[in-house]
$ cat target-v8.txt   # compact mmCIF, C-alpha atoms
# COMPACT_ATOMS: atom_id res chain seq x y z
CA MET A 1 35.67 -144.83 -57.91
CA PHE A 2 37.39 -142.32 -55.66
CA HIS A 3 40.93 -141.03 -56.15
CA ALA A 4 42.82 -139.81 -53.09
CA GLN A 5 45.39 -137.11 -53.82
CA VAL A 6 48.37 -137.40 -51.45
CA GLU A 7 50.79 -134.50 -51.19
CA ALA A 8 54.47 -135.39 -51.15
CA GLN A 9 56.02 -134.84 -47.74
CA PRO A 10 58.88 -132.32 -47.54
CA LEU A 11 62.35 -133.80 -47.42
CA ARG A 12 63.92 -133.30 -44.00
CA VAL A 13 67.64 -132.46 -43.91
CA ALA A 14 69.35 -131.96 -40.53
CA ILE A 15 72.69 -130.12 -40.60
CA ILE A 16 74.95 -130.41 -37.55
CA GLU A 17 77.79 -127.88 -37.48
CA THR A 18 80.79 -128.53 -35.25
CA SER A 19 81.29 -124.81 -34.62
CA PRO A 20 80.40 -121.40 -36.06
CA LEU A 21 83.73 -121.01 -37.87
CA PRO A 22 83.77 -119.55 -41.41
CA ILE A 23 84.83 -122.80 -43.10
CA VAL A 24 81.78 -124.48 -41.54
CA THR A 25 79.17 -121.78 -42.12
CA ASN A 26 80.37 -120.95 -45.64
CA THR A 27 80.30 -124.63 -46.59
CA ARG A 28 76.79 -124.95 -45.14
CA ASP A 29 75.50 -121.93 -47.09
CA ALA A 30 77.01 -123.19 -50.36
CA PHE A 31 75.52 -126.64 -49.73
CA ILE A 32 72.01 -125.28 -49.07
CA ASP A 33 72.12 -122.92 -52.08
CA GLU A 34 73.24 -125.68 -54.43
CA LEU A 35 70.83 -128.31 -53.08
CA THR A 36 67.79 -126.07 -53.50
CA LEU A 37 69.01 -125.14 -56.98
CA ILE A 38 69.42 -128.73 -58.22
CA MET A 39 66.24 -130.07 -56.56
CA PRO A 40 63.67 -127.40 -57.49
CA GLU A 41 60.81 -129.90 -57.68
CA HIS A 42 61.16 -130.85 -54.01
CA GLU A 43 60.28 -129.02 -50.84
CA ILE A 44 63.22 -129.35 -48.48
CA ASP A 45 62.97 -128.57 -44.77
CA ILE A 46 66.42 -127.77 -43.43
CA GLU A 47 67.21 -127.85 -39.72
CA ILE A 48 70.49 -126.33 -38.55
CA TYR A 49 72.19 -127.18 -35.25
CA ASN A 50 75.53 -125.92 -33.95
CA ALA A 51 77.61 -127.70 -31.31
CA GLN A 52 79.69 -124.56 -30.55
CA GLY A 53 82.88 -126.61 -30.75
CA LEU A 54 81.76 -128.88 -27.90
CA GLU A 55 81.97 -132.64 -28.51
CA GLU A 56 79.43 -133.48 -25.80
CA GLN A 57 76.99 -130.96 -27.25
CA ALA A 58 77.39 -132.56 -30.67
CA ARG A 59 76.42 -135.94 -29.20
CA THR A 60 73.41 -134.38 -27.47
CA ILE A 61 72.26 -132.85 -30.75
CA VAL A 62 72.49 -136.21 -32.53
CA GLN A 63 70.48 -137.87 -29.77
CA THR A 64 67.79 -135.15 -29.94
CA ILE A 65 67.50 -135.48 -33.71
CA THR A 66 67.13 -139.26 -33.62
CA GLU A 67 64.55 -139.09 -30.81
CA ASN A 68 62.43 -136.74 -32.93
CA GLY A 69 62.32 -139.20 -35.83
CA ALA A 70 65.00 -139.92 -38.42
CA PRO A 71 65.53 -137.19 -41.03
CA ASP A 72 65.90 -138.06 -44.69
CA LEU A 73 69.52 -136.92 -44.50
CA LEU A 74 71.97 -136.05 -41.73
CA VAL A 75 74.75 -133.62 -42.71
CA PRO A 76 77.50 -133.24 -40.09
CA ILE A 77 80.05 -130.56 -40.95
CA ALA A 78 83.63 -130.93 -39.61
CA THR A 79 85.19 -133.71 -37.59
CA LEU A 80 83.57 -133.50 -34.13
CA ALA A 81 80.02 -133.39 -35.49
CA THR A 82 80.78 -136.24 -37.90
CA ARG A 83 82.33 -138.31 -35.11
CA ALA A 84 79.25 -137.73 -32.95
CA VAL A 85 76.96 -139.02 -35.71
CA TYR A 86 79.17 -141.92 -36.76
CA ASN A 87 79.62 -143.22 -33.21
CA PHE A 88 75.95 -142.92 -32.21
CA SER A 89 74.45 -146.36 -32.80
CA ALA A 90 70.86 -145.11 -33.12
CA ALA A 91 71.96 -143.03 -36.14
CA SER A 92 73.83 -145.79 -37.98
CA GLU A 93 71.10 -146.39 -40.56
CA ILE A 94 70.18 -142.73 -41.12
CA PRO A 95 71.56 -141.57 -44.49
CA THR A 96 74.55 -139.38 -43.62
CA LEU A 97 76.75 -137.06 -45.67
CA PHE A 98 79.81 -135.50 -44.01
CA MET A 99 81.74 -132.44 -45.19
CA THR A 100 85.04 -130.76 -44.15
CA VAL A 101 86.46 -133.83 -42.43
CA ALA A 102 90.23 -133.94 -42.95
CA ASP A 103 90.78 -137.67 -42.48
CA PRO A 104 87.66 -139.86 -42.55
CA VAL A 105 89.89 -142.94 -42.83
CA LYS A 106 91.56 -142.32 -39.46
CA GLU A 107 88.10 -141.62 -38.04
CA GLY A 108 87.20 -145.18 -39.05
CA ILE A 109 84.47 -144.17 -41.51
CA ALA A 110 86.13 -146.12 -44.34
CA THR A 111 89.15 -148.43 -44.50
CA ALA A 112 90.74 -146.33 -47.27
CA PHE A 113 89.94 -143.52 -49.67
CA GLY A 114 88.00 -144.94 -52.59
CA GLU A 115 86.28 -147.51 -50.35
CA ARG A 116 82.67 -147.55 -49.10
CA SER A 117 81.71 -147.33 -45.46
CA VAL A 118 79.94 -150.20 -43.72
CA SER A 119 77.64 -147.59 -42.14
CA ASN A 120 75.14 -145.61 -44.18
CA ILE A 121 77.52 -142.66 -44.59
CA THR A 122 79.57 -141.02 -47.34
CA GLY A 123 81.43 -137.81 -48.01
CA GLU A 124 84.65 -136.20 -49.20
CA SER A 125 87.75 -135.00 -47.40
CA HIS A 126 88.54 -131.36 -48.21
CA VAL A 127 92.26 -131.82 -47.48
CA LEU A 128 94.82 -132.68 -50.13
CA ASP A 129 96.92 -135.82 -49.68
CA ALA A 130 100.01 -135.13 -47.51
CA LYS A 131 102.43 -136.40 -50.15
CA VAL A 132 101.01 -134.08 -52.80
CA LYS A 133 101.38 -131.10 -50.44
CA LEU A 134 104.97 -132.05 -49.61
CA ASP A 135 105.79 -132.57 -53.29
CA MET A 136 104.53 -129.06 -54.03
CA LEU A 137 106.58 -127.53 -51.22
CA ASP A 138 109.61 -129.57 -52.22
CA GLY A 139 109.33 -128.20 -55.75
CA LEU A 140 109.67 -124.69 -54.36
CA LEU A 141 112.57 -125.57 -52.07
CA LYS A 142 114.54 -127.34 -54.81
CA ALA A 143 114.34 -124.19 -56.91
CA SER A 144 116.22 -122.28 -54.18
CA ALA A 145 119.20 -124.70 -54.06
CA LEU A 146 119.25 -124.99 -50.26
CA GLU A 147 122.54 -125.87 -48.57
CA GLU A 148 120.73 -127.47 -45.62
CA PRO A 149 117.13 -128.45 -44.77
CA ILE A 150 114.61 -125.86 -43.59
CA THR A 151 113.44 -126.51 -40.04
CA ILE A 152 109.64 -126.23 -40.08
CA GLY A 153 107.39 -126.15 -37.04
CA LEU A 154 104.21 -128.17 -37.59
CA VAL A 155 101.77 -125.84 -35.83
CA HIS A 156 98.56 -127.49 -34.69
CA SER A 157 96.11 -128.01 -31.87
CA GLU A 158 95.13 -131.40 -30.50
CA TYR A 159 91.88 -131.22 -32.52
CA PRO A 160 91.46 -134.56 -34.38
CA SER A 161 91.93 -133.26 -37.94
CA SER A 162 94.96 -131.18 -36.92
CA LYS A 163 96.70 -134.13 -35.25
CA SER A 164 95.91 -136.35 -38.21
CA SER A 165 97.39 -133.87 -40.68
CA VAL A 166 100.61 -133.58 -38.71
CA GLU A 167 100.95 -137.35 -38.30
CA SER A 168 100.62 -137.79 -42.06
CA LEU A 169 103.37 -135.23 -42.70
CA LEU A 170 105.72 -136.75 -40.12
CA ALA A 171 105.28 -140.20 -41.66
CA LEU A 172 106.67 -138.85 -44.96
CA GLU A 173 109.48 -136.62 -43.60
CA SER A 174 112.28 -139.08 -44.36
CA GLN A 175 111.44 -138.94 -48.08
CA TYR A 176 112.31 -135.23 -48.34
CA ASP A 177 115.86 -133.96 -47.93
CA ASN A 178 114.92 -130.27 -47.83
CA VAL A 179 112.70 -130.33 -44.73
CA LYS A 180 113.11 -131.07 -41.06
CA PHE A 181 109.91 -131.09 -39.01
CA VAL A 182 109.39 -130.11 -35.40
CA THR A 183 105.96 -130.58 -33.82
CA VAL A 184 104.48 -127.46 -32.23
CA SER A 185 101.18 -128.19 -30.52
CA THR A 186 98.71 -126.72 -28.07
CA ALA A 187 95.63 -128.19 -26.42
CA TYR A 188 92.31 -127.98 -28.24
CA VAL A 189 90.07 -125.62 -26.29
CA GLU A 190 86.32 -126.01 -26.76
CA GLY A 191 83.73 -123.26 -26.85
CA THR A 192 83.55 -119.68 -28.08
CA LEU A 193 86.73 -118.60 -26.25
CA GLY A 194 88.73 -121.50 -27.62
CA LEU A 195 90.36 -119.76 -30.58
CA GLY A 196 91.90 -116.99 -28.50
CA ALA A 197 93.17 -119.45 -25.92
CA MET A 198 94.67 -121.72 -28.57
CA ARG A 199 96.33 -118.79 -30.33
CA ALA A 200 97.94 -117.67 -27.06
CA GLY A 201 99.03 -121.23 -26.33
CA ILE A 202 100.65 -121.83 -29.70
CA VAL A 203 102.53 -118.50 -29.58
CA GLU A 204 104.14 -119.48 -26.29
CA VAL A 205 105.16 -122.89 -27.59
CA LEU A 206 106.54 -121.37 -30.80
CA LYS A 207 108.65 -118.88 -28.86
CA GLU A 208 110.15 -121.78 -26.93
CA LYS A 209 110.76 -123.86 -30.07
CA VAL A 210 112.52 -120.95 -31.79
CA GLU A 211 115.05 -121.00 -28.98
CA THR A 212 115.47 -124.77 -28.66
CA SER A 213 114.98 -126.01 -32.23
CA GLY A 214 116.04 -123.09 -34.40
CA LEU A 215 112.84 -122.92 -36.44
CA ASP A 216 113.09 -121.25 -39.85
CA ALA A 217 109.35 -121.22 -40.59
CA TYR A 218 106.14 -123.05 -39.70
CA TRP A 219 103.35 -125.06 -41.32
CA LEU A 220 99.74 -124.18 -40.46
CA SER A 221 97.70 -127.38 -40.42
CA THR A 222 93.97 -127.67 -40.94
CA GLY A 223 91.64 -127.34 -37.95
CA PRO A 224 90.05 -124.68 -35.72
CA LEU A 225 93.35 -122.98 -34.79
CA LEU A 226 93.74 -121.97 -38.42
CA GLN A 227 90.62 -119.79 -38.01
CA ALA A 228 91.96 -117.76 -35.05
CA ASP A 229 91.82 -113.98 -35.62
CA ASP A 230 95.05 -112.36 -36.83
CA LEU A 231 97.00 -115.56 -36.09
CA ILE A 232 99.84 -115.00 -38.57
CA ASN A 233 100.41 -111.38 -37.55
CA VAL A 234 100.41 -112.24 -33.85
CA ILE A 235 102.90 -115.07 -34.39
CA TYR A 236 105.16 -112.84 -36.53
CA LYS A 237 105.10 -110.06 -33.93
CA GLU A 238 106.23 -112.47 -31.21
CA THR A 239 108.62 -114.75 -33.15
CA LYS A 240 109.43 -113.12 -36.55
CA LEU A 241 108.41 -116.41 -38.17
CA LEU A 242 106.23 -116.75 -41.27
CA PRO A 243 104.28 -119.82 -42.43
CA ILE A 244 105.90 -121.68 -45.30
CA PHE A 245 102.65 -123.61 -45.96
CA ALA A 246 99.06 -123.10 -44.86
CA GLU A 247 95.87 -124.99 -45.61
CA SER A 248 93.98 -121.74 -46.17
CA ILE A 249 94.09 -119.21 -49.00
CA GLU A 250 93.30 -116.44 -46.48
CA SER A 251 96.53 -117.39 -44.71
CA VAL A 252 98.44 -116.95 -47.96
CA GLN A 253 96.98 -113.46 -48.27
CA GLN A 254 98.24 -112.76 -44.75
CA GLY A 255 101.77 -114.05 -45.39
CA ALA A 256 102.01 -117.82 -45.94
CA LEU A 257 104.38 -118.70 -48.77
CA LEU A 258 102.23 -121.47 -50.25
CA GLY A 259 98.68 -122.70 -49.68
CA VAL A 260 96.54 -125.42 -51.20
CA VAL A 261 92.93 -125.88 -50.16
CA ALA A 262 89.46 -126.84 -51.34
CA ASP A 263 87.36 -123.69 -51.07
CA GLU A 264 84.10 -123.75 -49.12
CA LYS A 265 81.92 -123.10 -52.16
CA SER A 266 83.36 -126.13 -53.97
CA ILE A 267 82.95 -128.30 -50.87
CA GLY A 268 79.30 -127.30 -50.46
CA LYS A 269 78.45 -127.73 -54.14
CA SER A 270 80.08 -131.15 -54.35
CA GLY A 271 78.30 -132.25 -51.19
CA ALA A 272 74.95 -131.13 -52.62
CA LEU A 273 75.43 -133.40 -55.64
CA ARG A 274 75.85 -136.41 -53.35
CA ALA A 275 72.93 -135.25 -51.22
CA LYS A 276 70.64 -135.18 -54.25
CA ARG A 277 71.48 -138.80 -55.04
CA ILE A 278 70.79 -139.84 -51.46
CA LEU A 279 67.53 -137.91 -51.26
CA SER A 280 66.54 -139.49 -54.57
CA GLY A 281 66.81 -142.96 -53.05
CA GLU A 282 70.42 -144.14 -53.19
CA ARG A 283 72.01 -145.48 -50.03
CA ALA A 284 74.78 -143.20 -48.84
CA ASN A 285 77.31 -146.01 -48.61
CA THR A 286 76.93 -146.95 -52.26
CA MET A 287 79.19 -143.91 -52.80
CA ALA A 288 82.85 -144.30 -51.86
CA VAL A 289 84.52 -142.00 -49.35
CA THR A 290 86.96 -139.88 -51.38
CA ARG A 291 88.99 -136.69 -51.43
CA MET A 292 87.85 -133.55 -53.21
CA ASP A 293 89.20 -133.33 -56.76
CA LYS A 294 89.21 -129.52 -57.04
CA TYR A 295 91.71 -127.37 -55.14
CA THR A 296 92.81 -123.74 -55.06
CA ILE A 297 96.52 -122.87 -54.95
CA GLY A 298 97.94 -119.59 -53.65
CA VAL A 299 101.44 -118.12 -53.32
CA ASN A 300 102.78 -115.01 -51.60
CA VAL A 301 105.58 -113.27 -53.50
CA SER A 302 106.60 -110.99 -50.60
CA THR A 303 107.12 -113.98 -48.32
CA ALA A 304 109.13 -115.75 -51.02
CA ILE A 305 111.47 -112.75 -51.17
CA LYS A 306 111.84 -112.66 -47.36
CA MET A 307 112.61 -116.38 -47.25
CA HIS A 308 114.91 -116.21 -50.32
CA ILE A 309 112.83 -118.88 -52.04
CA PRO A 310 112.15 -118.17 -55.75
CA ILE A 311 108.70 -119.10 -57.05
CA PRO A 312 108.82 -120.99 -60.38
CA SER A 313 106.61 -119.65 -63.16
CA SER A 314 104.64 -122.92 -63.16
CA TYR A 315 103.47 -122.19 -59.59
CA LEU A 316 102.44 -118.67 -60.54
CA LYS A 317 100.37 -120.06 -63.41
CA LEU A 318 98.68 -122.62 -61.16
CA SER A 319 97.84 -119.90 -58.64
CA LYS A 320 96.14 -117.69 -61.27
CA ASP A 321 94.12 -115.16 -59.26
CA HIS A 322 95.74 -116.12 -55.95
CA VAL A 323 99.17 -114.55 -56.22
CA TYR A 324 99.64 -112.14 -53.31
CA GLN A 325 102.28 -109.73 -52.09
$ encode --input "target-v8.txt" --output "structure tokens"
Amino acid sequence: MFHAQVEAQPLRVAIIETSPLPIVTNTRDAFIDELTLIMPEHEIDIEIYNAQGLEEQARTIVQTITENGAPDLLVPIATLATRAVYNFSAASEIPTLFMTVADPVKEGIATAFGERSVSNITGESHVLDAKVKLDMLDGLLKASALEEPITIGLVHSEYPSSKSSVESLLALESQYDNVKFVTVSTAYVEGTLGLGAMRAGIVEVLKEKVETSGLDAYWLSTGPLLQADDLINVIYKETKLLPIFAESIESVQQGALLGVVADEKSIGKSGALRAKRILSGERANTMAVTRMDKYTIGVNVSTAIKMHIPIPSSYLKLSKDHVYQ
């Protein structure tokens, strides 16, 4: 009797990054570190592709991956890469795990948060529900006993997650007496020069809106524009406006009054836990599409003083190590 010894094949994981922005690369690194830590008994071959912010390039990458044989897991990071995978029919049965997608429901991946996808895909949104964000801001504004609403510019590019975030806020505006929203948008510009071009574009629109709409502050929505170098300082220099809310703790450090965000390390670690289940044999779409359940809160005391908005002690306690001035 002869016994053949067959070595287990390495698990193949293909990561497709939308762009080389910090939120993407930091999430990727945290994901890889956690996955290798929690699956020490497996050899995992990780391939990394980057679409450089180009939607067509993302589709080309997906096609190349599928033509070379299906990996054990596809991991698109951010909206454009996820859209490219989800809409590519040849990839519909490849186990897929998305990360840093603001609104997978509006992308059609699931009919609602808490529901499973019909495709073999799962993941978590890293963005807090719009109503929760507005409730938090409203709590601050009520503490300042405003005589009239604050006019807030909803700063965003036409990038899918940015538009989605703004649409969600606008849909809830009528429920809040202390805010009046004005949309402030610029075109999404692909490629490595996109951030600088979008920053320049949004500054020009903001300058115009200050004159025509009497903006008091602005809201920095999720998306690539949020990652533009020195964005808050450049806007302040040109308009004297500060962000009242930002979906980035780094933005709070730079001057935003309030910020709530899922940090990249938490996103990557949580994604790795789902990835382990998929690589261990579960279908991706047995796991519902959900939101992250861990968020970081930050406040900026100096901005609160400039805006004459007191910060309640409960907010300072929630912010813990993320109180800036």
$ residues_near_point --input "target-v8.txt" --point "(62.6, -130.8, -43.8)" --cutoff "12 Å" --atoms "only C-alpha atoms" --output "ChimeraX atom specification"
/A:8-15,36,42-48,69-74,279
$ closest_residue --input "target-v8.txt" --among "A:Asn285, A:Thr183, A:Ser213, A:Gln254" --to "Val118 in chain A" --atoms "only C-alpha atoms"
A:Asn285
$ closest_atom_pairs --input "target-v8.txt" --of "range 99-122 of chain A" --to "range 154-174 of chain A" --cutoff "9 Å" --atoms "all atoms listed in the file" --output "CSV"
residue,atom,partner,partner_atom,distance
A:Val101,CA,A:Ser161,CA,7.1
A:Ala102,CA,A:Ser161,CA,5.3
A:Asp103,CA,A:Ser161,CA,6.4
A:Lys106,CA,A:Ser164,CA,7.5
A:Glu107,CA,A:Pro160,CA,8.6
$ write_last_selection --input "target-v8.txt" --atoms "C-alpha atoms" --output "PDB file, in the coordinates of the input"
ATOM      1  CA  VAL A 101      86.460-133.830 -42.430  1.00  0.00           C
ATOM      2  CA  ALA A 102      90.230-133.940 -42.950  1.00  0.00           C
ATOM      3  CA  ASP A 103      90.780-137.670 -42.480  1.00  0.00           C
ATOM      4  CA  LYS A 106      91.560-142.320 -39.460  1.00  0.00           C
ATOM      5  CA  GLU A 107      88.100-141.620 -38.040  1.00  0.00           C
TER       6      GLU A 107
END
$ atom_distance --input "target-v8.txt" --atom1 "CA of Ile109 in chain A" --atom2 "CA of Leu226 in chain A"
24.3 Å
$ residues_around --input "target-v8.txt" --residues "Ile16 in chain A" --least-positions-apart "5" --cutoff "9 Å" --atoms "only C-alpha atoms" --output "PyMOL selection string"
chain A and resi 47-51+58+61-62+74-78+81-82
$ closest_atom_pairs --input "target-v8.txt" --of "range 98-209 of chain A" --to "range 239-251 of chain A" --cutoff "10 Å" --atoms "all atoms listed in the file" --output "Markdown table"
| residue | atom | partner | partner_atom | distance |
| --- | --- | --- | --- | --- |
| A:Val127 | CA | A:Glu247 | CA | 7.9 |
| A:Leu128 | CA | A:Glu247 | CA | 9.0 |
| A:Lys133 | CA | A:Phe245 | CA | 8.8 |
| A:Leu134 | CA | A:Phe245 | CA | 9.5 |
| A:Met136 | CA | A:Phe245 | CA | 9.9 |
| A:Leu137 | CA | A:Phe245 | CA | 7.6 |
| A:Ile150 | CA | A:Ile244 | CA | 9.8 |
| A:Ile152 | CA | A:Ile244 | CA | 7.9 |
| A:Gly153 | CA | A:Pro243 | CA | 8.9 |
| A:Leu154 | CA | A:Pro243 | CA | 9.7 |
| A:Val155 | CA | A:Pro243 | CA | 9.3 |
| A:Val203 | CA | A:Thr239 | CA | 8.0 |
| A:Glu204 | CA | A:Thr239 | CA | 9.5 |
| A:Leu206 | CA | A:Thr239 | CA | 7.3 |
| A:Lys207 | CA | A:Thr239 | CA | 6.0 |
| A:Glu208 | CA | A:Thr239 | CA | 9.5 |
| A:Lys209 | CA | A:Thr239 | CA | 9.9 |
$ residues_near_point --input "target-v8.txt" --point "(83.7, -133.9, -27.2)" --cutoff "10 Å" --atoms "only C-alpha atoms" --output "PyMOL selection string"
chain A and resi 51+53-59+80-81+83-84+190
$ closest_residue --input "target-v8.txt" --among "A:Asn233, A:Ser125, A:Thr96, A:Asn120" --to "Thr79 in chain A" --atoms "all atoms listed in the file"
A:Ser125
$ axis_aligned_box --input "target-v8.txt" --around "range 298-304 of chain A" --padding-each-side "4 Å" --output "lines of an AutoDock Vina configuration file"
center_x = 103.5
center_y = -115.3
center_z = -51.0
size_x = 19.2
size_y = 16.6
size_z = 13.3
$ atom_distance --input "target-v8.txt" --atom1 "CA of Ile23 in chain A" --atom2 "CA of Ile65 in chain A"
23.4 Å
$ atom_distance --input "target-v8.txt" --atom1 "CA of Tyr86 in chain A" --atom2 "CA of Glu264 in chain A"
22.5 Å
$ closest_residue --input "target-v8.txt" --among "A:Asp216, A:Glu115, A:Asp177, A:Glu124" --to "Ala288 in chain A" --atoms "all atoms listed in the file"
A:Glu115
$ residues_around --input "target-v8.txt" --residues "Arg291 in chain A" --least-positions-apart "4" --cutoff "12 Å" --atoms "only C-alpha atoms" --output "mmCIF file with C-alpha atoms, in the frame of the given file"
data_model
loop_
_atom_site.group_PDB
_atom_site.id
_atom_site.type_symbol
_atom_site.label_atom_id
_atom_site.label_comp_id
_atom_site.auth_asym_id
_atom_site.auth_seq_id
_atom_site.Cartn_x
_atom_site.Cartn_y
_atom_site.Cartn_z
ATOM 1 C CA PHE A 98 79.810 -135.500 -44.010
ATOM 2 C CA MET A 99 81.740 -132.440 -45.190
ATOM 3 C CA THR A 100 85.040 -130.760 -44.150
ATOM 4 C CA VAL A 101 86.460 -133.830 -42.430
ATOM 5 C CA ALA A 102 90.230 -133.940 -42.950
ATOM 6 C CA ASP A 103 90.780 -137.670 -42.480
ATOM 7 C CA PRO A 104 87.660 -139.860 -42.550
ATOM 8 C CA VAL A 105 89.890 -142.940 -42.830
ATOM 9 C CA ALA A 112 90.740 -146.330 -47.270
ATOM 10 C CA PHE A 113 89.940 -143.520 -49.670
ATOM 11 C CA GLY A 114 88.000 -144.940 -52.590
ATOM 12 C CA GLU A 115 86.280 -147.510 -50.350
ATOM 13 C CA THR A 122 79.570 -141.020 -47.340
ATOM 14 C CA GLY A 123 81.430 -137.810 -48.010
ATOM 15 C CA GLU A 124 84.650 -136.200 -49.200
ATOM 16 C CA SER A 125 87.750 -135.000 -47.400
ATOM 17 C CA HIS A 126 88.540 -131.360 -48.210
ATOM 18 C CA VAL A 127 92.260 -131.820 -47.480
ATOM 19 C CA LEU A 128 94.820 -132.680 -50.130
ATOM 20 C CA ASP A 129 96.920 -135.820 -49.680
ATOM 21 C CA ALA A 130 100.010 -135.130 -47.510
ATOM 22 C CA VAL A 261 92.930 -125.880 -50.160
ATOM 23 C CA ALA A 262 89.460 -126.840 -51.340
ATOM 24 C CA ILE A 267 82.950 -128.300 -50.870
ATOM 25 C CA SER A 270 80.080 -131.150 -54.350
ATOM 26 C CA GLY A 271 78.300 -132.250 -51.190
ATOM 27 C CA TYR A 295 91.710 -127.370 -55.140
#
$ closest_residue --input "target-v8.txt" --among "A:Thr286, A:Leu231, A:Ile297, A:Arg274" --to "Asp321 in chain A" --atoms "all atoms listed in the file"
A:Ile297
$ closest_residue --input "target-v8.txt" --among "A:Glu238, A:Ser119, A:Ser266, A:Glu17" --to "Ser89 in chain A" --atoms "all atoms listed in the file"
A:Ser119
$ decode --input "target-v8.txt" --residues "range 100-111 of chain A" --atoms "N, CA, C and O atoms" --output "PDB file, in the first residue's frame"
ATOM      1  N   THR A 100     -13.790  49.746   3.339  1.00  0.00           N
ATOM      2  CA  THR A 100     -13.849  51.212   3.144  1.00  0.00           C
ATOM      3  C   THR A 100     -14.761  51.615   1.981  1.00  0.00           C
ATOM      4  O   THR A 100     -14.413  52.440   1.155  1.00  0.00           O
ATOM      5  N   VAL A 101     -15.955  51.049   1.972  1.00  0.00           N
ATOM      6  CA  VAL A 101     -17.009  51.479   1.052  1.00  0.00           C
ATOM      7  C   VAL A 101     -18.070  52.188   1.892  1.00  0.00           C
ATOM      8  O   VAL A 101     -18.638  51.595   2.805  1.00  0.00           O
ATOM      9  N   ALA A 102     -18.314  53.454   1.588  1.00  0.00           N
ATOM     10  CA  ALA A 102     -19.203  54.261   2.430  1.00  0.00           C
ATOM     11  C   ALA A 102     -20.637  53.763   2.410  1.00  0.00           C
ATOM     12  O   ALA A 102     -21.281  53.666   3.447  1.00  0.00           O
ATOM     13  N   ASP A 103     -21.151  53.454   1.211  1.00  0.00           N
ATOM     14  CA  ASP A 103     -22.560  53.073   1.114  1.00  0.00           C
ATOM     15  C   ASP A 103     -22.758  51.891   0.171  1.00  0.00           C
ATOM     16  O   ASP A 103     -23.160  52.056  -0.985  1.00  0.00           O
ATOM     17  N   PRO A 104     -22.504  50.676   0.648  1.00  0.00           N
ATOM     18  CA  PRO A 104     -22.691  49.486  -0.188  1.00  0.00           C
ATOM     19  C   PRO A 104     -24.139  49.263  -0.599  1.00  0.00           C
ATOM     20  O   PRO A 104     -24.405  48.587  -1.589  1.00  0.00           O
ATOM     21  N   VAL A 105     -25.086  49.838   0.137  1.00  0.00           N
ATOM     22  CA  VAL A 105     -26.494  49.693  -0.225  1.00  0.00           C
ATOM     23  C   VAL A 105     -26.786  50.478  -1.500  1.00  0.00           C
ATOM     24  O   VAL A 105     -27.393  49.967  -2.445  1.00  0.00           O
ATOM     25  N   LYS A 106     -26.343  51.718  -1.565  1.00  0.00           N
ATOM     26  CA  LYS A 106     -26.553  52.516  -2.776  1.00  0.00           C
ATOM     27  C   LYS A 106     -25.756  51.973  -3.959  1.00  0.00           C
ATOM     28  O   LYS A 106     -26.119  52.198  -5.110  1.00  0.00           O
ATOM     29  N   GLU A 107     -24.692  51.229  -3.680  1.00  0.00           N
ATOM     30  CA  GLU A 107     -23.942  50.581  -4.758  1.00  0.00           C
ATOM     31  C   GLU A 107     -24.650  49.330  -5.266  1.00  0.00           C
ATOM     32  O   GLU A 107     -24.222  48.711  -6.235  1.00  0.00           O
ATOM     33  N   GLY A 108     -25.730  48.933  -4.573  1.00  0.00           N
ATOM     34  CA  GLY A 108     -26.512  47.784  -5.009  1.00  0.00           C
ATOM     35  C   GLY A 108     -26.010  46.447  -4.497  1.00  0.00           C
ATOM     36  O   GLY A 108     -26.524  45.389  -4.889  1.00  0.00           O
ATOM     37  N   ILE A 109     -25.020  46.460  -3.611  1.00  0.00           N
ATOM     38  CA  ILE A 109     -24.431  45.214  -3.119  1.00  0.00           C
ATOM     39  C   ILE A 109     -25.413  44.465  -2.226  1.00  0.00           C
ATOM     40  O   ILE A 109     -25.470  43.228  -2.231  1.00  0.00           O
ATOM     41  N   ALA A 110     -26.188  45.203  -1.442  1.00  0.00           N
ATOM     42  CA  ALA A 110     -27.240  44.604  -0.604  1.00  0.00           C
ATOM     43  C   ALA A 110     -28.438  45.542  -0.624  1.00  0.00           C
ATOM     44  O   ALA A 110     -28.303  46.743  -0.894  1.00  0.00           O
ATOM     45  N   THR A 111     -29.615  45.020  -0.329  1.00  0.00           N
ATOM     46  CA  THR A 111     -30.822  45.853  -0.347  1.00  0.00           C
ATOM     47  C   THR A 111     -30.915  46.747   0.885  1.00  0.00           C
ATOM     48  O   THR A 111     -31.597  47.771   0.862  1.00  0.00           O
TER      49      THR A 111
END
